[in-house]
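J.: My file is entry12.cif. It has mmCIF, C-alpha atoms and all ligand atoms:
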data_query
#
loop_
_atom_site.label_atom_id
_atom_site.label_comp_id
_atom_site.auth_asym_id
_atom_site.auth_seq_id
_atom_site.Cartn_x
_atom_site.Cartn_y
_atom_site.Cartn_z
CA MET G 1191 76.40 142.33 123.05
CA GLY G 1192 77.75 143.24 119.58
CA GLU G 1193 79.00 146.59 118.27
CA THR G 1194 75.72 148.40 118.84
CA GLY G 1195 75.66 147.35 122.51
CA TRP G 1196 78.88 149.04 123.54
CA LYS G 1197 78.20 152.09 121.39
CA SER G 1198 74.86 152.64 123.06
CA ALA G 1199 76.51 152.24 126.50
CA VAL G 1200 78.72 155.22 125.53
CA SER G 1201 75.96 157.45 124.18
CA SER G 1202 73.44 156.67 126.93
CA GLY G 1203 75.73 157.57 129.82
CA ILE G 1204 76.66 161.03 131.09
CA ASN G 1205 78.20 163.26 128.44
CA SER G 1206 78.21 166.78 129.93
CA GLY G 1207 78.86 168.80 133.07
CA THR G 1208 75.15 169.62 133.31
CA GLU G 1209 74.16 165.95 133.29
CA ALA G 1210 76.86 165.19 135.87
CA ALA G 1211 75.50 167.94 138.15
CA ALA G 1212 71.94 166.63 137.75
CA ARG G 1213 73.00 163.09 138.66
CA PHE G 1214 75.60 163.68 141.36
CA GLY G 1215 74.82 167.17 142.69
CA GLY G 1216 77.23 170.09 142.47
CA ASP G 1217 76.97 173.47 140.81
CA PRO G 1218 76.08 173.09 137.10
CA VAL G 1219 77.94 176.30 136.19
CA THR G 1220 81.17 175.09 137.82
CA LEU G 1221 80.86 171.64 136.27
CA GLU G 1222 80.25 173.19 132.85
CA LYS G 1223 83.52 175.09 133.35
CA ALA G 1224 85.24 171.81 134.21
CA GLU G 1225 83.76 170.32 131.04
CA LYS G 1226 85.23 173.22 129.02
CA SER G 1227 88.65 172.36 130.43
CA PHE G 1228 88.18 168.65 129.58
CA PRO G 1229 85.14 166.83 128.12
CA VAL G 1230 82.92 164.64 130.29
CA ARG G 1231 82.04 161.05 129.47
CA ILE G 1232 80.86 158.33 131.85
CA ASN G 1233 79.39 155.42 129.89
CA SER G 1234 76.37 153.66 131.36
CA TYR G 1235 78.37 150.57 132.47
CA TYR G 1236 80.94 152.53 134.50
CA LEU G 1237 78.16 154.84 135.74
CA SER G 1238 76.38 151.81 137.20
CA LEU G 1239 79.42 151.15 139.46
CA ILE G 1240 79.53 154.65 140.95
CA GLY G 1241 77.89 155.42 144.31
CA SER G 1242 78.76 159.13 144.59
CA SER G 1243 80.98 161.73 142.95
CA THR G 1244 83.53 161.35 145.74
CA ASP G 1245 83.74 157.57 146.02
CA PRO G 1246 86.89 156.03 144.48
CA LEU G 1247 85.19 155.40 141.12
CA GLY G 1248 83.20 158.64 141.04
CA ARG G 1249 86.31 160.71 141.73
CA GLN G 1250 88.00 159.30 138.63
CA VAL G 1251 85.34 160.36 136.11
CA VAL G 1252 82.84 162.83 137.61
CA PRO G 1253 84.04 166.38 136.85
CA SER G 1254 85.11 168.37 139.89
CA GLY G 1255 84.80 172.05 140.70
CA MET G 1256 88.54 171.98 141.42
CA GLU G 1257 89.47 171.42 137.76
CA ALA G 1258 88.79 174.72 136.05
CA GLY G 1259 90.52 176.81 138.74
CA ASP G 1260 93.59 174.57 139.05
CA THR G 1261 96.74 176.66 138.62
CA SER G 1262 99.16 173.77 139.21
CA GLY G 1263 100.87 171.73 136.55
CA THR G 1264 101.13 172.25 132.80
CA GLY G 1265 99.19 171.25 129.70
CA ASP G 1266 101.75 168.77 128.37
CA PRO G 1267 103.71 167.70 131.48
CA LEU G 1268 105.66 164.96 129.70
CA ALA G 1269 106.56 167.26 126.77
CA GLU G 1270 105.22 164.64 124.36
CA ASP G 1271 104.59 167.21 121.66
CA ALA G 1272 108.35 167.94 121.55
CA ASP G 1273 109.08 164.24 120.88
CA SER G 1274 106.54 163.92 118.08
CA PRO G 1275 108.33 163.66 114.72
CA VAL G 1276 105.01 163.26 112.85
CA PRO G 1277 101.50 163.96 114.16
CA HIS G 1278 99.98 161.27 116.43
CA LEU G 1279 103.31 159.53 117.09
CA VAL G 1280 105.65 159.95 120.10
CA HIS G 1281 109.22 158.70 119.68
CA ARG G 1282 111.10 159.20 122.93
CA TYR G 1283 112.98 155.96 123.59
CA PRO G 1284 115.49 154.35 121.23
CA ASP G 1285 113.49 151.32 120.10
CA ARG G 1286 109.79 151.96 120.66
CA VAL G 1287 107.06 154.44 119.81
CA LEU G 1288 103.59 155.41 120.94
CA LEU G 1289 101.05 155.59 118.14
CA LEU G 1290 97.94 157.60 119.04
CA VAL G 1291 95.18 156.16 116.87
CA THR G 1292 92.16 158.00 118.32
CA TYR G 1293 91.43 160.62 120.97
CA GLN G 1294 88.07 159.13 122.01
CA CYS G 1295 87.66 157.07 125.19
CA ALA G 1296 84.83 155.16 126.84
CA VAL G 1297 85.21 157.39 129.93
CA TYR G 1298 87.20 160.60 130.34
CA CYS G 1299 89.42 160.13 133.39
CA ARG G 1300 89.75 163.48 135.13
CA PHE G 1301 93.48 162.88 135.79
CA CYS G 1302 94.27 162.21 132.11
CA THR G 1303 97.83 163.17 131.17
CA ARG G 1304 96.64 164.00 127.62
CA ARG G 1305 93.84 166.36 128.71
CA ARG G 1306 95.18 168.78 126.09
CA ALA G 1307 94.07 166.48 123.28
CA VAL G 1308 91.82 163.65 124.46
CA GLY G 1309 88.10 164.00 123.70
CA ARG G 1310 88.72 167.02 121.46
CA THR G 1311 91.25 166.19 118.77
CA PRO G 1312 89.48 164.68 115.75
CA THR G 1313 90.24 161.03 115.08
CA PRO G 1314 93.37 160.87 112.88
CA THR G 1315 92.56 160.42 109.20
CA ALA G 1316 93.75 157.54 107.03
CA GLY G 1317 96.33 159.98 105.60
CA ASP G 1318 97.59 160.83 109.13
CA MET G 1319 98.00 157.13 109.89
CA ASP G 1320 99.77 156.58 106.53
CA ARG G 1321 102.37 159.18 107.54
CA ALA G 1322 102.84 157.74 111.03
CA ILE G 1323 103.16 154.19 109.69
CA SER G 1324 105.67 155.36 107.05
CA TYR G 1325 107.75 156.88 109.84
CA ILE G 1326 107.81 153.51 111.61
CA SER G 1327 108.69 151.73 108.32
CA ASN G 1328 111.53 154.17 107.71
CA HIS G 1329 113.03 153.75 111.19
CA GLY G 1330 114.58 150.31 111.42
CA GLU G 1331 115.38 150.80 115.11
CA ILE G 1332 111.68 150.65 116.08
CA ARG G 1333 110.95 147.13 117.28
CA ASP G 1334 107.99 147.84 119.62
CA VAL G 1335 104.86 149.81 118.69
CA ILE G 1336 102.45 150.82 121.44
CA VAL G 1337 98.99 151.46 120.03
CA SER G 1338 97.40 154.01 122.34
CA GLY G 1339 95.29 157.16 122.26
CA GLY G 1340 92.65 157.97 123.52
CA ASP G 1341 91.49 154.41 123.69
CA PRO G 1342 92.31 152.32 120.60
CA LEU G 1343 89.34 150.02 121.24
CA MET G 1344 87.01 152.93 120.42
CA LEU G 1345 87.87 152.12 116.81
CA SER G 1346 85.80 149.45 115.07
CA ASP G 1347 87.24 145.94 114.82
CA SER G 1348 87.90 146.43 111.11
CA THR G 1349 89.65 149.82 111.43
CA LEU G 1350 91.79 148.60 114.32
CA GLY G 1351 92.46 145.30 112.56
CA SER G 1352 93.69 146.98 109.40
CA LEU G 1353 95.99 149.29 111.38
CA LEU G 1354 97.43 146.30 113.27
CA SER G 1355 97.96 144.42 109.98
CA ARG G 1356 99.90 147.33 108.54
CA ILE G 1357 102.11 147.59 111.63
CA ARG G 1358 102.62 143.81 111.70
CA ALA G 1359 103.72 143.90 108.03
CA ILE G 1360 106.76 146.05 108.92
CA PRO G 1361 109.65 143.55 109.17
CA HIS G 1362 111.58 145.26 112.00
CA VAL G 1363 108.53 145.58 114.30
CA GLU G 1364 108.87 142.67 116.72
CA ILE G 1365 106.06 143.32 119.18
CA ILE G 1366 102.83 145.28 119.22
CA ARG G 1367 101.21 146.49 122.41
CA VAL G 1368 97.61 147.67 122.69
CA ASP G 1369 97.03 150.02 125.63
CA SER G 1370 93.35 150.34 126.53
CA ARG G 1371 91.26 151.01 129.60
CA ILE G 1372 88.24 149.36 128.00
CA PRO G 1373 88.42 145.95 129.76
CA CYS G 1374 87.96 147.93 133.00
CA VAL G 1375 85.54 150.65 131.95
CA LEU G 1376 83.46 149.04 129.16
CA PRO G 1377 84.02 145.27 129.25
CA SER G 1378 81.20 144.49 126.78
CA ARG G 1379 83.54 145.88 124.06
CA ILE G 1380 85.77 142.80 124.54
CA THR G 1381 83.88 140.47 122.20
CA PRO G 1382 84.89 137.10 120.71
CA GLU G 1383 85.12 138.91 117.33
CA LEU G 1384 87.57 141.46 118.73
CA CYS G 1385 89.67 138.69 120.31
CA THR G 1386 89.75 136.84 116.98
CA GLU G 1387 91.02 140.02 115.32
CA LEU G 1388 93.67 140.77 117.97
CA ARG G 1389 95.12 137.27 117.99
CA LYS G 1390 95.94 137.52 114.27
CA HIS G 1391 98.73 139.96 115.12
CA HIS G 1392 100.84 138.06 117.64
CA PRO G 1393 103.17 138.65 119.38
CA LEU G 1394 100.69 141.16 120.78
CA TYR G 1395 100.60 142.38 124.37
CA PHE G 1396 97.78 144.23 126.06
CA ASN G 1397 98.08 146.73 128.90
CA THR G 1398 94.91 147.82 130.63
CA HIS G 1399 94.22 150.30 133.43
CA PHE G 1400 92.45 149.40 136.68
CA ASN G 1401 92.81 151.76 139.63
CA HIS G 1402 90.56 150.30 142.33
CA PRO G 1403 89.47 146.81 143.44
CA ARG G 1404 85.79 147.73 142.97
CA GLU G 1405 86.50 147.93 139.24
CA LEU G 1406 87.15 144.18 139.27
CA THR G 1407 83.58 143.09 138.51
CA PRO G 1408 82.48 139.74 137.02
CA GLU G 1409 82.19 141.53 133.64
CA SER G 1410 85.64 143.18 133.70
CA ILE G 1411 87.32 140.00 134.98
CA ARG G 1412 85.66 138.06 132.14
CA ALA G 1413 86.95 140.62 129.60
CA CYS G 1414 90.54 140.15 130.87
CA GLU G 1415 90.16 136.38 130.78
CA MET G 1416 88.91 136.47 127.19
CA LEU G 1417 92.06 138.35 126.18
CA ALA G 1418 94.27 135.94 128.14
CA ASP G 1419 92.46 132.98 126.56
CA SER G 1420 93.40 134.47 123.18
CA GLY G 1421 97.06 134.04 124.09
CA ILE G 1422 97.50 137.74 124.83
CA PRO G 1423 99.60 138.55 127.91
CA VAL G 1424 97.64 141.20 129.82
CA GLY G 1425 99.34 143.77 132.06
CA ASN G 1426 97.95 146.62 134.12
CA GLN G 1427 99.03 150.21 134.60
CA THR G 1428 97.61 151.97 137.66
CA VAL G 1429 97.84 155.67 138.42
CA LEU G 1430 98.41 156.55 142.09
CA LEU G 1431 95.50 158.87 142.90
CA LYS G 1432 94.64 160.72 146.07
CA GLY G 1433 91.25 159.67 147.40
CA VAL G 1434 91.12 156.69 145.04
CA ASN G 1435 93.90 154.23 145.77
CA ASN G 1436 96.57 155.96 147.89
CA ASP G 1437 96.55 153.46 150.71
CA PRO G 1438 98.35 150.13 151.02
CA GLU G 1439 95.27 147.99 151.77
CA THR G 1440 93.37 149.19 148.69
CA MET G 1441 96.42 148.70 146.50
CA LYS G 1442 97.03 145.20 147.87
CA LYS G 1443 93.45 144.16 147.12
CA LEU G 1444 93.74 145.62 143.64
CA VAL G 1445 97.01 143.90 142.67
CA GLN G 1446 95.97 140.56 144.15
CA GLY G 1447 92.60 140.76 142.36
CA LEU G 1448 94.36 141.56 139.09
CA LEU G 1449 96.66 138.53 139.34
CA ALA G 1450 93.64 136.34 140.08
CA ALA G 1451 92.12 137.69 136.83
CA ARG G 1452 95.39 136.68 135.05
CA VAL G 1453 96.52 140.31 134.73
CA LYS G 1454 100.10 141.16 135.72
CA PRO G 1455 100.49 144.50 137.54
CA TYR G 1456 103.10 146.27 135.37
CA TYR G 1457 103.42 149.93 136.38
CA LEU G 1458 102.20 152.09 139.24
CA TYR G 1459 102.49 155.65 137.94
CA GLN G 1460 103.04 158.71 140.02
CA CYS G 1461 100.23 161.03 138.81
CA ASP G 1462 101.53 163.50 136.23
CA PRO G 1463 101.37 167.21 137.14
CA VAL G 1464 98.80 168.07 134.47
CA SER G 1465 96.75 171.27 134.86
CA GLY G 1466 93.26 170.46 136.11
CA ALA G 1467 94.30 167.33 138.00
CA GLY G 1468 96.22 168.87 140.92
CA HIS G 1469 93.69 167.47 143.41
CA PHE G 1470 94.77 163.91 142.54
CA LEU G 1471 98.46 164.33 143.39
CA THR G 1472 100.02 162.38 146.25
CA THR G 1473 103.52 162.66 147.66
CA ILE G 1474 106.15 160.26 146.35
CA GLN G 1475 106.65 159.03 149.91
CA GLU G 1476 103.08 157.66 149.81
CA GLY G 1477 103.95 155.67 146.71
CA LEU G 1478 107.14 154.33 148.29
CA ASP G 1479 105.21 153.33 151.41
CA ILE G 1480 102.70 151.43 149.28
CA ILE G 1481 105.48 149.52 147.50
CA SER G 1482 107.10 148.74 150.88
CA ALA G 1483 103.76 147.41 152.12
CA LEU G 1484 103.49 145.07 149.11
CA ARG G 1485 107.03 143.76 148.63
CA GLY G 1486 107.58 140.58 150.58
CA TYR G 1487 104.09 140.71 152.02
CA THR G 1488 102.40 139.43 148.86
CA SER G 1489 103.32 137.60 145.62
CA GLY G 1490 106.27 139.24 143.93
CA MET G 1491 104.28 138.93 140.69
CA ALA G 1492 101.65 141.25 142.16
CA VAL G 1493 104.07 144.11 142.80
CA PRO G 1494 104.20 146.72 140.00
CA ALA G 1495 107.20 148.94 139.27
CA TYR G 1496 106.53 152.39 140.74
CA VAL G 1497 107.56 154.99 138.16
CA ILE G 1498 107.64 158.73 137.80
CA ASP G 1499 107.38 159.93 134.22
CA ALA G 1500 109.96 162.70 134.47
CA PRO G 1501 108.29 166.09 133.85
CA GLY G 1502 109.74 167.72 130.75
CA GLY G 1503 110.20 164.51 128.81
CA GLY G 1504 112.88 162.54 130.64
CA GLY G 1505 110.94 159.30 130.40
CA LYS G 1506 110.00 156.87 133.14
CA VAL G 1507 112.20 156.64 136.21
CA GLN G 1508 111.64 153.76 138.61
CA VAL G 1509 111.73 154.73 142.26
CA ILE G 1510 112.44 151.95 144.75
CA PRO G 1511 112.38 152.02 148.54
CA PRO G 1512 116.04 151.71 149.54
CA ASP G 1513 117.17 148.24 150.68
CA ILE G 1514 120.94 148.67 150.59
CA ILE G 1515 122.53 150.10 153.71
CA GLU G 1516 126.18 149.71 152.78
CA ILE G 1517 128.02 148.44 149.71
CA THR G 1518 131.77 147.85 149.59
CA ASP G 1519 134.06 145.55 147.54
CA GLU G 1520 133.85 143.06 150.42
CA ARG G 1521 130.22 143.07 151.42
CA VAL G 1522 126.71 144.37 150.92
CA VAL G 1523 124.56 145.10 153.95
CA PHE G 1524 120.84 145.31 153.30
CA ARG G 1525 117.45 145.22 154.91
CA ASN G 1526 114.78 142.63 154.05
CA TYR G 1527 111.08 143.45 153.63
CA ALA G 1528 110.43 143.14 157.36
CA GLY G 1529 113.33 145.42 158.33
CA ARG G 1530 115.85 142.75 159.41
CA VAL G 1531 119.45 143.40 158.44
CA PHE G 1532 121.55 140.85 156.51
CA THR G 1533 125.05 140.80 155.01
CA TYR G 1534 126.10 139.26 151.71
CA ILE G 1535 129.86 138.61 151.38
CA GLN G 1536 131.06 139.60 147.91
CA PRO G 1537 133.22 137.17 145.95
CA GLY G 1538 136.93 137.92 146.44
CA PRO G 1539 139.14 138.91 143.49
CA ALA G 1540 140.28 135.87 141.41
CA GLY G 1541 143.14 133.90 142.97
CA LYS G 1542 142.77 135.40 146.41
C1 LIG W 1601 105.64 154.76 128.63
C2 LIG W 1601 106.12 155.06 127.28
C3 LIG W 1601 106.63 154.04 126.46
C4 LIG W 1601 106.71 152.59 126.91
O1 LIG W 1601 107.59 152.45 127.98
P1 LIG W 1601 107.92 150.99 128.57
O2 LIG W 1601 108.74 151.29 129.79
O3 LIG W 1601 108.66 150.27 127.50
O4 LIG W 1601 106.60 150.34 128.88
C5 LIG W 1601 107.08 154.38 125.21
N1 LIG W 1601 107.04 155.66 124.77
C6 LIG W 1601 106.59 156.66 125.54
C7 LIG W 1601 106.59 158.04 125.01
C8 LIG W 1601 106.10 156.39 126.82
O5 LIG W 1601 105.61 157.39 127.58
#
Starting from the coordinates I provided, produce the structure as structure tokens.
Ligand SMILES: *Cc1c(COP(=O)(O)O)cnc(C)c1O
T.:
Amino acid sequence: MGETGWKSAVSSGINSGTEAAARFGGDPVTLEKAEKSFPVRINSYYLSLIGSSTDPLGRQVVPSGMEAGDTSGTGDPLAEDADSPVPHLVHRYPDRVLLLVTYQCAVYCRFCTRRRAVGRTPTPTAGDMDRAISYISNHGEIRDVIVSGGDPLMLSDSTLGSLLSRIRAIPHVEIIRVDSRIPCVLPSRITPELCTELRKHHPLYFNTHFNHPRELTPESIRACEMLADSGIPVGNQTVLLKGVNNDPETMKKLVQGLLAARVKPYYLYQCDPVSGAGHFLTTIQEGLDIISALRGYTSGMAVPAYVIDAPGGGGKVQVIPPDIIEITDERVVFRNYAGRVFTYIQPGPAGK
């Protein structure tokens, strides 16, 4: 499938609350309200994987009656707009930035943290990108540029390629990351031509976004392998979602399946408190229990870092189930994955 194939998969899927109600049931008026709060898009590939609006894949993308009336959360929970020195760029950490190159996606995830902008904000113009790229050029401390959105692979190969070339031409930019859910939700977009373009810009990393083992289909696995075969390290960022993946067995299958597809689980995100997505929130204890059920019980490489993106713009904070029971100058007492207690004797001061 070339460019027309993936574009027609996007236009021929479900693109409104009314169509979602006709396909999955539910009150069209309520689902139209949900659509007003955040656009609807389920491309025909991802649609083909969904059994019902409440199965783990349906829940992620079929609009819910709970969205429009949700009074929890805020519009911009991570206060990204406050850390945006020029439009479409977020500069929060000392040495890296997020560059938002489009607000279109191949599906609109109902738990999206950028609901305020995604699907609605027009694609940044060439002039907008000129300003954002100048900012990166003028800030020598930026050594890592994360190309995100929206989904950057909604751009054509040539538009994306020319953006990547311009970023790569900045001497202080060491690495480029492309963050895209497309290998999972529209794998036919990962073409040999796209891979040829991406590999021109090494060192380039790719982080994708699988949330459930049923998303690991022959097509999506192949897409990840094509990227890996292009010398691109592929990571995965999962969002912890109630009714989708908030149980240890599902998460274990997902992370093991990802490693088998040569994708390294990178982050497990606590779901952000964004208005309209309150029905996806889990407790943090559930996340800690999932990490405890993975660590030691499966490959260490399969275990992602569980992070909370601090509401208000504090950045990511890793939360770890506590292992250390006691720590003194002499010894550290800790628990292993199975709950057994061990002691490590600290080295004595020199000469003692
Ligand atoms: C997540 C994020 C990054 C990247 O963080 P890493 O921990 O380096 O993956 C950069 N900028 C912003 C604003 C982010 O939210």
J.: Within 12 Å of stretch 1244-1264 of chain G, which residues of stretch 1303-1325 of chain G come that close, and what is the closest atom pair and distance in Å for each? Count all atoms listed in the file and give it as a tab-separated table.
T.:
residue	atom	partner	partner_atom	distance
G:Thr1303	CA	G:Thr1264	CA	9.8
G:Arg1304	CA	G:Thr1264	CA	10.7
G:Arg1305	CA	G:Thr1264	CA	10.2
G:Arg1306	CA	G:Thr1264	CA	9.6
J.: To check your reading of the model: which residues sit at most 7 Å from ligand LIG 1601 (chain W) when counting only C-alpha atoms and all ligand atoms? Write the answer as a list in words.
T.: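 The residues within 7 Å of ligand LIG 1601 (chain W), counting only C-alpha atoms and all ligand atoms, are Glu1270, Val1280, His1281, Arg1282, Tyr1283, Arg1286, Val1287, Leu1288, Ile1336, Gly1505 and Lys1506 of chain G.
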J.: Report, in Å with one decimal, the straight-line distance from atom CA of G:Thr1428 to atom CA of G:Leu1458.
T.: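 Going from atom CA of G:Thr1428 over to atom CA of G:Leu1458 covers 4.9 Å.
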J.: Considering only C-alpha atoms, state which residue in the set G:Arg1452, G:His1329, G:Arg1521, G:His1391 is at the smallest distance from G:Leu1350.
T.: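 Looking at the shortest contact to G:Leu1350, the residue is G:His1391.
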J.: Counting only C-alpha atoms, what is within 12 Å of G:Asp1285, bar same-chain residues fewer than 5 positions away, as a PyMOL selection string?
T.: chain G and resi 1280+1326+1329-1336+1362-1365
J.: Between G:Thr1313, G:Ser1378, G:Thr1208, G:Ser1355, which is the closest to G:Asn1233 once you count all atoms listed in the file?
T.: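 So, comparing all the options, the nearest one is G:Ser1378.
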J.: Just how far from atom CA of G:Pro1382 is atom CA of G:Gly1351, in Å to one decimal?
T.: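 Interatomic distance here is 13.8 Å.
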J.: Which residue out of G:Thr1398, G:Ser1227, G:Thr1386, G:Ser1346 has the minimum interatomic distance to G:Val1308 when all atoms listed in the file are used?
T.: G:Ser1227
J.: Between atom CA of G:Asp1271 and atom CA of G:Ala1467, what is the spacing in Å?
T.: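 Distance between the two atoms: 19.3 Å.
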J.: Residues near G:Asp1462, anyone? I mean within 9 Å using all atoms listed in the file, not counting same-chain ones fewer than 5 positions away, as JSON, numbers by chain.
T.: {"G": [1263, 1267, 1268, 1301, 1302, 1303, 1429, 1467, 1468, 1471, 1498, 1499, 1500, 1501]}
